[in-house]
file my_file_23.pdb (PDB, C-alpha atoms)
ATOM      1  CA  MET A  17      94.756 114.280 103.171  1.00  0.00           C
ATOM      2  CA  VAL A  18      97.163 111.571 102.062  1.00  0.00           C
ATOM      3  CA  THR A  19      99.583 112.254  99.185  1.00  0.00           C
ATOM      4  CA  LYS A  20     100.069 109.765  96.350  1.00  0.00           C
ATOM      5  CA  MET A  21     103.433 108.744  97.819  1.00  0.00           C
ATOM      6  CA  GLU A  22     101.960 108.188 101.289  1.00  0.00           C
ATOM      7  CA  GLY A  23      99.136 106.210  99.651  1.00  0.00           C
ATOM      8  CA  ALA A  24     101.685 104.046  97.810  1.00  0.00           C
ATOM      9  CA  ILE A  25     103.613 103.339 101.021  1.00  0.00           C
ATOM     10  CA  ASN A  26     100.388 102.452 102.869  1.00  0.00           C
ATOM     11  CA  CYS A  27      99.308 100.225  99.971  1.00  0.00           C
ATOM     12  CA  LEU A  28     102.519  98.170 100.180  1.00  0.00           C
ATOM     13  CA  VAL A  29     102.054  97.672 103.941  1.00  0.00           C
ATOM     14  CA  GLU A  30      98.373  96.758 103.417  1.00  0.00           C
ATOM     15  CA  VAL A  31      99.277  94.160 100.777  1.00  0.00           C
ATOM     16  CA  PHE A  32     101.586  92.460 103.304  1.00  0.00           C
ATOM     17  CA  HIS A  33      98.852  92.417 105.954  1.00  0.00           C
ATOM     18  CA  LYS A  34      96.184  91.267 103.486  1.00  0.00           C
ATOM     19  CA  TYR A  35      98.085  88.003 103.026  1.00  0.00           C
ATOM     20  CA  SER A  36      99.884  87.643 106.372  1.00  0.00           C
ATOM     21  CA  LEU A  37      96.562  87.916 108.256  1.00  0.00           C
ATOM     22  CA  MET A  38      94.817  85.299 106.085  1.00  0.00           C
ATOM     23  CA  HIS A  39      95.430  82.298 108.377  1.00  0.00           C
ATOM     24  CA  GLY A  40      98.219  80.623 110.327  1.00  0.00           C
ATOM     25  CA  HIS A  41     101.006  82.937 111.499  1.00  0.00           C
ATOM     26  CA  TYR A  42      99.654  86.491 111.329  1.00  0.00           C
ATOM     27  CA  HIS A  43     103.024  88.187 111.082  1.00  0.00           C
ATOM     28  CA  THR A  44     104.532  86.176 108.252  1.00  0.00           C
ATOM     29  CA  LEU A  45     103.862  84.914 104.746  1.00  0.00           C
ATOM     30  CA  SER A  46     104.107  81.178 104.229  1.00  0.00           C
ATOM     31  CA  LYS A  47     105.043  79.891 100.784  1.00  0.00           C
ATOM     32  CA  GLU A  48     101.339  79.516  99.918  1.00  0.00           C
ATOM     33  CA  LYS A  49     100.494  83.048 101.067  1.00  0.00           C
ATOM     34  CA  LEU A  50     103.484  84.377  99.127  1.00  0.00           C
ATOM     35  CA  ARG A  51     102.248  82.465  96.064  1.00  0.00           C
ATOM     36  CA  LYS A  52      98.786  84.057  96.365  1.00  0.00           C
ATOM     37  CA  LEU A  53     100.350  87.504  96.872  1.00  0.00           C
ATOM     38  CA  ILE A  54     102.627  87.234  93.833  1.00  0.00           C
ATOM     39  CA  GLU A  55     100.002  85.679  91.534  1.00  0.00           C
ATOM     40  CA  THR A  56      97.403  88.287  92.501  1.00  0.00           C
ATOM     41  CA  GLU A  57      99.361  91.468  93.197  1.00  0.00           C
ATOM     42  CA  CYS A  58     102.438  91.283  90.959  1.00  0.00           C
ATOM     43  CA  PRO A  59     101.853  88.542  88.373  1.00  0.00           C
ATOM     44  CA  GLU A  60     104.308  90.112  85.923  1.00  0.00           C
ATOM     45  CA  LEU A  61     107.175  89.070  88.208  1.00  0.00           C
ATOM     46  CA  LEU A  62     106.814  85.448  87.086  1.00  0.00           C
ATOM     47  CA  LYS A  63     106.647  86.425  83.404  1.00  0.00           C
ATOM     48  CA  ASN A  64     109.846  88.431  82.975  1.00  0.00           C
ATOM     49  CA  PRO A  65     111.774  86.727  80.143  1.00  0.00           C
ATOM     50  CA  ARG A  66     114.986  88.565  81.099  1.00  0.00           C
ATOM     51  CA  ASP A  67     114.918  87.178  84.648  1.00  0.00           C
ATOM     52  CA  PRO A  68     112.606  84.142  84.986  1.00  0.00           C
ATOM     53  CA  LYS A  69     111.402  83.507  88.539  1.00  0.00           C
ATOM     54  CA  THR A  70     109.261  81.020  90.426  1.00  0.00           C
ATOM     55  CA  VAL A  71     107.550  81.430  93.798  1.00  0.00           C
ATOM     56  CA  GLU A  72     110.158  79.017  95.171  1.00  0.00           C
ATOM     57  CA  SER A  73     113.093  81.084  93.882  1.00  0.00           C
ATOM     58  CA  VAL A  74     111.581  84.313  95.260  1.00  0.00           C
ATOM     59  CA  LEU A  75     111.004  82.681  98.665  1.00  0.00           C
ATOM     60  CA  LYS A  76     114.575  81.389  98.756  1.00  0.00           C
ATOM     61  CA  GLU A  77     115.953  84.800  97.785  1.00  0.00           C
ATOM     62  CA  LEU A  78     113.964  86.684 100.426  1.00  0.00           C
ATOM     63  CA  ASP A  79     114.081  84.240 103.328  1.00  0.00           C
ATOM     64  CA  SER A  80     117.250  85.550 104.959  1.00  0.00           C
ATOM     65  CA  ASN A  81     116.639  83.888 108.343  1.00  0.00           C
ATOM     66  CA  LYS A  82     115.855  80.511 106.658  1.00  0.00           C
ATOM     67  CA  ASP A  83     112.595  79.762 108.463  1.00  0.00           C
ATOM     68  CA  SER A  84     110.672  79.201 105.187  1.00  0.00           C
ATOM     69  CA  MET A  85     108.468  82.213 105.983  1.00  0.00           C
ATOM     70  CA  ILE A  86     108.625  85.867 104.905  1.00  0.00           C
ATOM     71  CA  ASN A  87     108.365  88.374 107.735  1.00  0.00           C
ATOM     72  CA  PHE A  88     107.853  92.117 107.241  1.00  0.00           C
ATOM     73  CA  GLU A  89     111.583  92.872 107.192  1.00  0.00           C
ATOM     74  CA  GLU A  90     112.096  90.266 104.473  1.00  0.00           C
ATOM     75  CA  TYR A  91     109.084  91.657 102.581  1.00  0.00           C
ATOM     76  CA  LEU A  92     110.876  95.040 102.522  1.00  0.00           C
ATOM     77  CA  PHE A  93     113.571  93.408 100.372  1.00  0.00           C
ATOM     78  CA  PHE A  94     110.818  92.167  98.083  1.00  0.00           C
ATOM     79  CA  THR A  95     109.362  95.666  97.525  1.00  0.00           C
ATOM     80  CA  THR A  96     112.878  97.069  97.098  1.00  0.00           C
ATOM     81  CA  ARG A  97     113.550  94.439  94.457  1.00  0.00           C
ATOM     82  CA  LEU A  98     110.307  95.340  92.651  1.00  0.00           C
ATOM     83  CA  MET A  99     111.316  99.021  92.701  1.00  0.00           C
ATOM     84  CA  VAL A 100     114.743  98.200  91.229  1.00  0.00           C
ATOM     85  CA  ASP A 101     113.042  96.262  88.407  1.00  0.00           C
ATOM     86  CA  ALA A 102     110.527  99.090  87.791  1.00  0.00           C
ATOM     87  CA  HIS A 103     113.374 101.639  87.775  1.00  0.00           C
ATOM     88  CA  ASP A 104     115.370  99.532  85.291  1.00  0.00           C
ATOM     89  CA  ASP A 105     112.281  99.180  83.097  1.00  0.00           C
ATOM     90  CA  SER A 106     111.715 102.944  83.141  1.00  0.00           C
ATOM     91  CA  HIS A 107     115.205 103.476  81.736  1.00  0.00           C
ATOM     92  CA  HIS A 108     114.739 100.769  79.075  1.00  0.00           C
ATOM     93  CA  GLU A 109     111.468 102.186  77.776  1.00  0.00           C
TER      94      GLU A 109
ATOM     95  CA  MET B   8      96.031  96.204  83.613  1.00  0.00           C
ATOM     96  CA  VAL B   9      98.217  97.256  86.520  1.00  0.00           C
ATOM     97  CA  THR B  10      97.429  95.993  90.044  1.00  0.00           C
ATOM     98  CA  LYS B  11      97.324  98.345  93.047  1.00  0.00           C
ATOM     99  CA  MET B  12     100.680  96.988  94.222  1.00  0.00           C
ATOM    100  CA  GLU B  13     102.300  97.505  90.810  1.00  0.00           C
ATOM    101  CA  GLY B  14     100.824 101.013  90.744  1.00  0.00           C
ATOM    102  CA  ALA B  15     102.298 101.732  94.177  1.00  0.00           C
ATOM    103  CA  ILE B  16     105.748 100.525  93.097  1.00  0.00           C
ATOM    104  CA  ASN B  17     105.574 102.621  89.913  1.00  0.00           C
ATOM    105  CA  CYS B  18     104.428 105.648  91.919  1.00  0.00           C
ATOM    106  CA  LEU B  19     107.489 105.476  94.198  1.00  0.00           C
ATOM    107  CA  VAL B  20     109.820 105.312  91.168  1.00  0.00           C
ATOM    108  CA  GLU B  21     107.959 108.190  89.498  1.00  0.00           C
ATOM    109  CA  VAL B  22     108.268 110.371  92.612  1.00  0.00           C
ATOM    110  CA  PHE B  23     112.057 109.905  92.508  1.00  0.00           C
ATOM    111  CA  HIS B  24     112.190 110.877  88.829  1.00  0.00           C
ATOM    112  CA  LYS B  25     109.813 113.806  89.306  1.00  0.00           C
ATOM    113  CA  TYR B  26     112.397 115.486  91.540  1.00  0.00           C
ATOM    114  CA  SER B  27     115.667 114.049  90.205  1.00  0.00           C
ATOM    115  CA  LEU B  28     114.808 115.261  86.673  1.00  0.00           C
ATOM    116  CA  MET B  29     113.962 118.801  87.796  1.00  0.00           C
ATOM    117  CA  HIS B  30     117.364 120.363  87.119  1.00  0.00           C
ATOM    118  CA  GLY B  31     121.054 119.721  87.757  1.00  0.00           C
ATOM    119  CA  HIS B  32     122.081 116.065  88.058  1.00  0.00           C
ATOM    120  CA  TYR B  33     119.233 113.991  86.587  1.00  0.00           C
ATOM    121  CA  HIS B  34     120.018 110.807  88.476  1.00  0.00           C
ATOM    122  CA  THR B  35     120.257 112.222  91.978  1.00  0.00           C
ATOM    123  CA  LEU B  36     118.401 114.379  94.489  1.00  0.00           C
ATOM    124  CA  SER B  37     120.289 117.356  95.860  1.00  0.00           C
ATOM    125  CA  LYS B  38     119.407 118.637  99.321  1.00  0.00           C
ATOM    126  CA  GLU B  39     117.004 121.169  97.781  1.00  0.00           C
ATOM    127  CA  LYS B  40     115.276 118.554  95.604  1.00  0.00           C
ATOM    128  CA  LEU B  41     115.008 116.248  98.631  1.00  0.00           C
ATOM    129  CA  ARG B  42     113.498 119.135 100.603  1.00  0.00           C
ATOM    130  CA  LYS B  43     110.867 119.703  97.881  1.00  0.00           C
ATOM    131  CA  LEU B  44     110.133 115.967  97.699  1.00  0.00           C
ATOM    132  CA  ILE B  45     109.683 115.593 101.464  1.00  0.00           C
ATOM    133  CA  GLU B  46     107.674 118.796 101.920  1.00  0.00           C
ATOM    134  CA  THR B  47     105.364 117.931  99.009  1.00  0.00           C
ATOM    135  CA  GLU B  48     105.125 114.137  98.989  1.00  0.00           C
ATOM    136  CA  CYS B  49     105.560 113.080 102.617  1.00  0.00           C
ATOM    137  CA  PRO B  50     105.164 116.173 104.815  1.00  0.00           C
ATOM    138  CA  GLU B  51     104.149 114.095 107.825  1.00  0.00           C
ATOM    139  CA  LEU B  52     107.736 112.840 108.107  1.00  0.00           C
ATOM    140  CA  LEU B  53     108.838 116.202 109.524  1.00  0.00           C
ATOM    141  CA  LYS B  54     105.933 116.319 111.990  1.00  0.00           C
ATOM    142  CA  ASN B  55     106.334 113.048 113.853  1.00  0.00           C
ATOM    143  CA  PRO B  56     106.614 113.966 117.547  1.00  0.00           C
ATOM    144  CA  ARG B  57     107.959 110.502 118.416  1.00  0.00           C
ATOM    145  CA  ASP B  58     110.887 110.882 115.989  1.00  0.00           C
ATOM    146  CA  PRO B  59     111.502 114.518 114.970  1.00  0.00           C
ATOM    147  CA  LYS B  60     113.368 114.902 111.675  1.00  0.00           C
ATOM    148  CA  THR B  61     114.733 117.661 109.478  1.00  0.00           C
ATOM    149  CA  VAL B  62     115.631 117.545 105.791  1.00  0.00           C
ATOM    150  CA  GLU B  63     119.273 117.728 106.900  1.00  0.00           C
ATOM    151  CA  SER B  64     118.976 114.746 109.241  1.00  0.00           C
ATOM    152  CA  VAL B  65     117.191 112.684 106.551  1.00  0.00           C
ATOM    153  CA  LEU B  66     119.876 113.557 103.983  1.00  0.00           C
ATOM    154  CA  LYS B  67     122.635 112.598 106.408  1.00  0.00           C
ATOM    155  CA  GLU B  68     120.907 109.311 107.248  1.00  0.00           C
ATOM    156  CA  LEU B  69     120.393 108.315 103.598  1.00  0.00           C
ATOM    157  CA  ASP B  70     123.601 109.581 102.019  1.00  0.00           C
ATOM    158  CA  SER B  71     125.642 106.416 102.474  1.00  0.00           C
ATOM    159  CA  ASN B  72     128.317 107.369  99.905  1.00  0.00           C
ATOM    160  CA  LYS B  73     128.715 110.866 101.448  1.00  0.00           C
ATOM    161  CA  ASP B  74     128.409 112.866  98.216  1.00  0.00           C
ATOM    162  CA  SER B  75     125.634 115.113  99.618  1.00  0.00           C
ATOM    163  CA  MET B  76     123.213 113.740  96.990  1.00  0.00           C
ATOM    164  CA  ILE B  77     120.630 110.942  97.109  1.00  0.00           C
ATOM    165  CA  ASN B  78     120.841 108.458  94.256  1.00  0.00           C
ATOM    166  CA  PHE B  79     118.180 105.842  93.489  1.00  0.00           C
ATOM    167  CA  GLU B  80     119.809 103.178  95.670  1.00  0.00           C
ATOM    168  CA  GLU B  81     119.870 105.595  98.608  1.00  0.00           C
ATOM    169  CA  TYR B  82     116.248 106.554  97.863  1.00  0.00           C
ATOM    170  CA  LEU B  83     115.335 102.864  98.279  1.00  0.00           C
ATOM    171  CA  PHE B  84     116.419 103.144 101.920  1.00  0.00           C
ATOM    172  CA  PHE B  85     114.158 106.166 102.217  1.00  0.00           C
ATOM    173  CA  THR B  86     111.069 104.304 100.977  1.00  0.00           C
ATOM    174  CA  THR B  87     111.982 101.323 103.164  1.00  0.00           C
ATOM    175  CA  ARG B  88     112.178 103.631 106.153  1.00  0.00           C
ATOM    176  CA  LEU B  89     108.753 105.106 105.324  1.00  0.00           C
ATOM    177  CA  MET B  90     107.322 101.578 105.095  1.00  0.00           C
ATOM    178  CA  VAL B  91     108.778 100.659 108.501  1.00  0.00           C
ATOM    179  CA  ASP B  92     107.152 103.767 110.014  1.00  0.00           C
ATOM    180  CA  ALA B  93     103.808 103.037 108.296  1.00  0.00           C
ATOM    181  CA  HIS B  94     103.975  99.418 109.505  1.00  0.00           C
ATOM    182  CA  ASP B  95     104.715 100.534 113.074  1.00  0.00           C
ATOM    183  CA  ASP B  96     101.836 103.024 112.905  1.00  0.00           C
ATOM    184  CA  SER B  97      99.456 100.317 111.672  1.00  0.00           C
ATOM    185  CA  HIS B  98     100.230  98.261 114.790  1.00  0.00           C
ATOM    186  CA  HIS B  99      99.836 101.261 117.130  1.00  0.00           C
ATOM    187  CA  GLU B 100      96.408 102.246 115.795  1.00  0.00           C
TER     188      GLU B 100
END

call {"tool": "encode", "arguments": {"input": "my_file_23.pdb", "output": "structure tokens"}}
result
Amino acid sequence: MVTKMEGAINCLVEVFHKYSLMHGHYHTLSKEKLRKLIETECPELLKNPRDPKTVESVLKELDSNKDSMINFEEYLFFTTRLMVDAHDDSHHE
Amino acid sequence: MVTKMEGAINCLVEVFHKYSLMHGHYHTLSKEKLRKLIETECPELLKNPRDPKTVESVLKELDSNKDSMINFEEYLFFTTRLMVDAHDDSHHE
């Protein structure tokens, strides 16, 4: 029996794999995979008027090793960033 | 319409608030709140034979500012750690 929190953690890992395993390098997200992930899984990210973003700006922000790909460690920064935004929103509501 | 990923992110923020808002300091988890959170929301963490943990060891690991409380920024390390474990597990299965 999985708790809601465990389900949420598993979901975030599954989202990474859903796109990383699509084609090409299985352990990373290319810019095109990242675009599909963002447009499908968190489309609101590109619509925030307080902090406008593009797929390119997200990739640049996350790609700490500068290989133009997002590996799982870099994806962790992405989910952390989404949590910070969601936390901020919860205190603005 | 919230996607699964957005729901997962919101869930992780809500779990923090569920325990932080219980009593005492509303923006932090005391050791007892952290104990309740772990025992209720991610009980498997204390049962991993490969990496045995206690509430005390988790608190010590997360409490980077050494105030014996877990704030939201420190909680982000906690969820990141859970994702790393879930990712490792997915590759061991």

call {"tool": "resolve_selection", "arguments": {"input": "my_file_23.pdb", "expression": "the ChimeraX specification (/B :<9) & /A", "output": "ChimeraX atom specification"}}
result
/A:18-31,56-59,88-89,92-93,95-96,98-100,102-103,106

call {"tool": "resolve_selection", "arguments": {"input": "my_file_23.pdb", "expression": "the PyMOL selection byres ((chain B and resi 81) around 10)", "output": "compact mmCIF listing (two decimals) with C-alpha atoms, in the frame of the given file"}}
result
# COMPACT_ATOMS: atom_id res chain seq x y z
CA THR B 35 120.26 112.22 91.98
CA LEU B 36 118.40 114.38 94.49
CA LEU B 66 119.88 113.56 103.98
CA GLU B 68 120.91 109.31 107.25
CA LEU B 69 120.39 108.32 103.60
CA ASP B 70 123.60 109.58 102.02
CA SER B 71 125.64 106.42 102.47
CA ASN B 72 128.32 107.37 99.90
CA MET B 76 123.21 113.74 96.99
CA ILE B 77 120.63 110.94 97.11
CA ASN B 78 120.84 108.46 94.26
CA PHE B 79 118.18 105.84 93.49
CA GLU B 80 119.81 103.18 95.67
CA TYR B 82 116.25 106.55 97.86
CA LEU B 83 115.34 102.86 98.28
CA PHE B 84 116.42 103.14 101.92
CA PHE B 85 114.16 106.17 102.22
CA THR B 86 111.07 104.30 100.98

call {"tool": "closest_residue", "arguments": {"input": "my_file_23.pdb", "among": "B:Pro56, B:Glu63, B:Lys73, B:His98", "to": "Lys38 of chain B", "atoms": "all atoms listed in the file"}}
result
B:Glu63

call {"tool": "atom_distance", "arguments": {"input": "my_file_23.pdb", "atom1": "atom CA of Ser84 of chain A", "atom2": "atom CA of Asn64 of chain A"}}
result
24.1 Å

call {"tool": "calpha_fit_and_write", "arguments": {"input": "my_file_23.pdb", "fixed": "chain A", "moving": "chain B", "output": "short mmCIF file (atom, residue, chain, number, x, y, z; two decimals) with C-alpha atoms, in the coordinates of the input"}}
result
data_model
loop_
_atom_site.label_atom_id
_atom_site.label_comp_id
_atom_site.auth_asym_id
_atom_site.auth_seq_id
_atom_site.Cartn_x
_atom_site.Cartn_y
_atom_site.Cartn_z
CA MET B 8 94.72 114.29 103.14
CA VAL B 9 97.15 111.60 102.06
CA THR B 10 99.59 112.27 99.19
CA LYS B 11 100.08 109.78 96.34
CA MET B 12 103.44 108.76 97.83
CA GLU B 13 101.95 108.19 101.29
CA GLY B 14 99.14 106.21 99.66
CA ALA B 15 101.68 104.06 97.82
CA ILE B 16 103.61 103.36 101.03
CA ASN B 17 100.39 102.47 102.86
CA CYS B 18 99.31 100.23 99.98
CA LEU B 19 102.52 98.17 100.18
CA VAL B 20 102.04 97.68 103.95
CA GLU B 21 98.38 96.76 103.43
CA VAL B 22 99.27 94.16 100.79
CA PHE B 23 101.58 92.46 103.31
CA HIS B 24 98.84 92.41 105.96
CA LYS B 25 96.19 91.27 103.48
CA TYR B 26 98.08 88.00 103.02
CA SER B 27 99.88 87.63 106.37
CA LEU B 28 96.54 87.91 108.24
CA MET B 29 94.80 85.29 106.09
CA HIS B 30 95.42 82.30 108.36
CA GLY B 31 98.23 80.63 110.30
CA HIS B 32 101.01 82.93 111.51
CA TYR B 33 99.66 86.50 111.31
CA HIS B 34 103.03 88.21 111.07
CA THR B 35 104.55 86.17 108.26
CA LEU B 36 103.87 84.92 104.75
CA SER B 37 104.12 81.18 104.23
CA LYS B 38 105.06 79.88 100.79
CA GLU B 39 101.36 79.51 99.91
CA LYS B 40 100.50 83.05 101.06
CA LEU B 41 103.50 84.39 99.11
CA ARG B 42 102.27 82.47 96.06
CA LYS B 43 98.81 84.07 96.36
CA LEU B 44 100.35 87.52 96.87
CA ILE B 45 102.64 87.24 93.83
CA GLU B 46 100.02 85.68 91.54
CA THR B 47 97.41 88.29 92.50
CA GLU B 48 99.37 91.48 93.20
CA CYS B 49 102.44 91.29 90.96
CA PRO B 50 101.86 88.54 88.38
CA GLU B 51 104.31 90.11 85.94
CA LEU B 52 107.18 89.07 88.22
CA LEU B 53 106.81 85.45 87.09
CA LYS B 54 106.64 86.42 83.41
CA ASN B 55 109.83 88.42 82.97
CA PRO B 56 111.76 86.72 80.15
CA ARG B 57 114.97 88.57 81.08
CA ASP B 58 114.89 87.17 84.64
CA PRO B 59 112.59 84.13 84.99
CA LYS B 60 111.39 83.51 88.55
CA THR B 61 109.26 81.02 90.44
CA VAL B 62 107.55 81.43 93.81
CA GLU B 63 110.17 79.02 95.18
CA SER B 64 113.10 81.07 93.88
CA VAL B 65 111.58 84.30 95.27
CA LEU B 66 111.01 82.68 98.67
CA LYS B 67 114.58 81.39 98.76
CA GLU B 68 115.95 84.80 97.78
CA LEU B 69 113.96 86.69 100.43
CA ASP B 70 114.08 84.24 103.33
CA SER B 71 117.25 85.55 104.94
CA ASN B 72 116.63 83.87 108.32
CA LYS B 73 115.87 80.50 106.64
CA ASP B 74 112.59 79.77 108.45
CA SER B 75 110.67 79.20 105.18
CA MET B 76 108.45 82.22 105.97
CA ILE B 77 108.63 85.87 104.90
CA ASN B 78 108.36 88.37 107.73
CA PHE B 79 107.85 92.11 107.24
CA GLU B 80 111.58 92.87 107.19
CA GLU B 81 112.09 90.25 104.48
CA TYR B 82 109.08 91.65 102.59
CA LEU B 83 110.87 95.03 102.52
CA PHE B 84 113.57 93.41 100.38
CA PHE B 85 110.82 92.17 98.10
CA THR B 86 109.36 95.65 97.53
CA THR B 87 112.87 97.06 97.10
CA ARG B 88 113.55 94.44 94.46
CA LEU B 89 110.31 95.33 92.65
CA MET B 90 111.32 99.01 92.71
CA VAL B 91 114.75 98.19 91.24
CA ASP B 92 113.05 96.27 88.41
CA ALA B 93 110.53 99.08 87.80
CA HIS B 94 113.37 101.63 87.79
CA ASP B 95 115.37 99.54 85.30
CA ASP B 96 112.28 99.17 83.11
CA SER B 97 111.69 102.94 83.16
CA HIS B 98 115.19 103.47 81.74
CA HIS B 99 114.75 100.77 79.07
CA GLU B 100 111.47 102.17 77.74
#

call {"tool": "build_atoms", "arguments": {"input": "my_file_23.pdb", "residues": "segment 48-64 of chain B", "atoms": "N, CA and C atoms", "output": "compact mmCIF listing (two decimals), keeping the file's coordinate frame"}}
result
# COMPACT_ATOMS: atom_id res chain seq x y z
N GLU B 48 105.62 115.52 99.13
CA GLU B 48 105.12 114.14 98.99
C GLU B 48 104.95 113.40 100.32
N CYS B 49 105.72 113.77 101.33
CA CYS B 49 105.56 113.08 102.62
C CYS B 49 105.80 114.06 103.76
N PRO B 50 104.97 115.11 103.82
CA PRO B 50 105.16 116.17 104.82
C PRO B 50 105.05 115.69 106.26
N GLU B 51 104.32 114.59 106.46
CA GLU B 51 104.15 114.10 107.82
C GLU B 51 105.47 113.66 108.46
N LEU B 52 106.44 113.32 107.61
CA LEU B 52 107.74 112.84 108.11
C LEU B 52 108.40 113.86 109.03
N LEU B 53 108.19 115.15 108.73
CA LEU B 53 108.84 116.20 109.52
C LEU B 53 108.00 116.59 110.75
N LYS B 54 106.86 115.92 110.91
CA LYS B 54 105.93 116.32 111.99
C LYS B 54 105.75 115.24 113.04
N ASN B 55 106.52 114.16 112.94
CA ASN B 55 106.33 113.05 113.85
C ASN B 55 106.93 113.38 115.22
N PRO B 56 106.08 113.58 116.24
CA PRO B 56 106.61 113.97 117.55
C PRO B 56 107.46 112.87 118.20
N ARG B 57 107.19 111.61 117.83
CA ARG B 57 107.96 110.50 118.42
C ARG B 57 109.39 110.45 117.87
N ASP B 58 109.59 111.01 116.65
CA ASP B 58 110.89 110.88 115.99
C ASP B 58 111.11 112.11 115.11
N PRO B 59 111.40 113.27 115.74
CA PRO B 59 111.50 114.52 114.97
C PRO B 59 112.65 114.48 113.97
N LYS B 60 112.38 114.92 112.74
CA LYS B 60 113.37 114.90 111.68
C LYS B 60 113.43 116.26 110.99
N THR B 61 114.59 116.51 110.36
CA THR B 61 114.73 117.66 109.48
C THR B 61 115.21 117.12 108.13
N VAL B 62 115.12 117.97 107.10
CA VAL B 62 115.63 117.54 105.79
C VAL B 62 117.11 117.19 105.93
N GLU B 63 117.84 117.96 106.71
CA GLU B 63 119.27 117.73 106.90
C GLU B 63 119.53 116.37 107.55
N SER B 64 118.73 116.03 108.56
CA SER B 64 118.98 114.75 109.24
C SER B 64 118.61 113.57 108.33
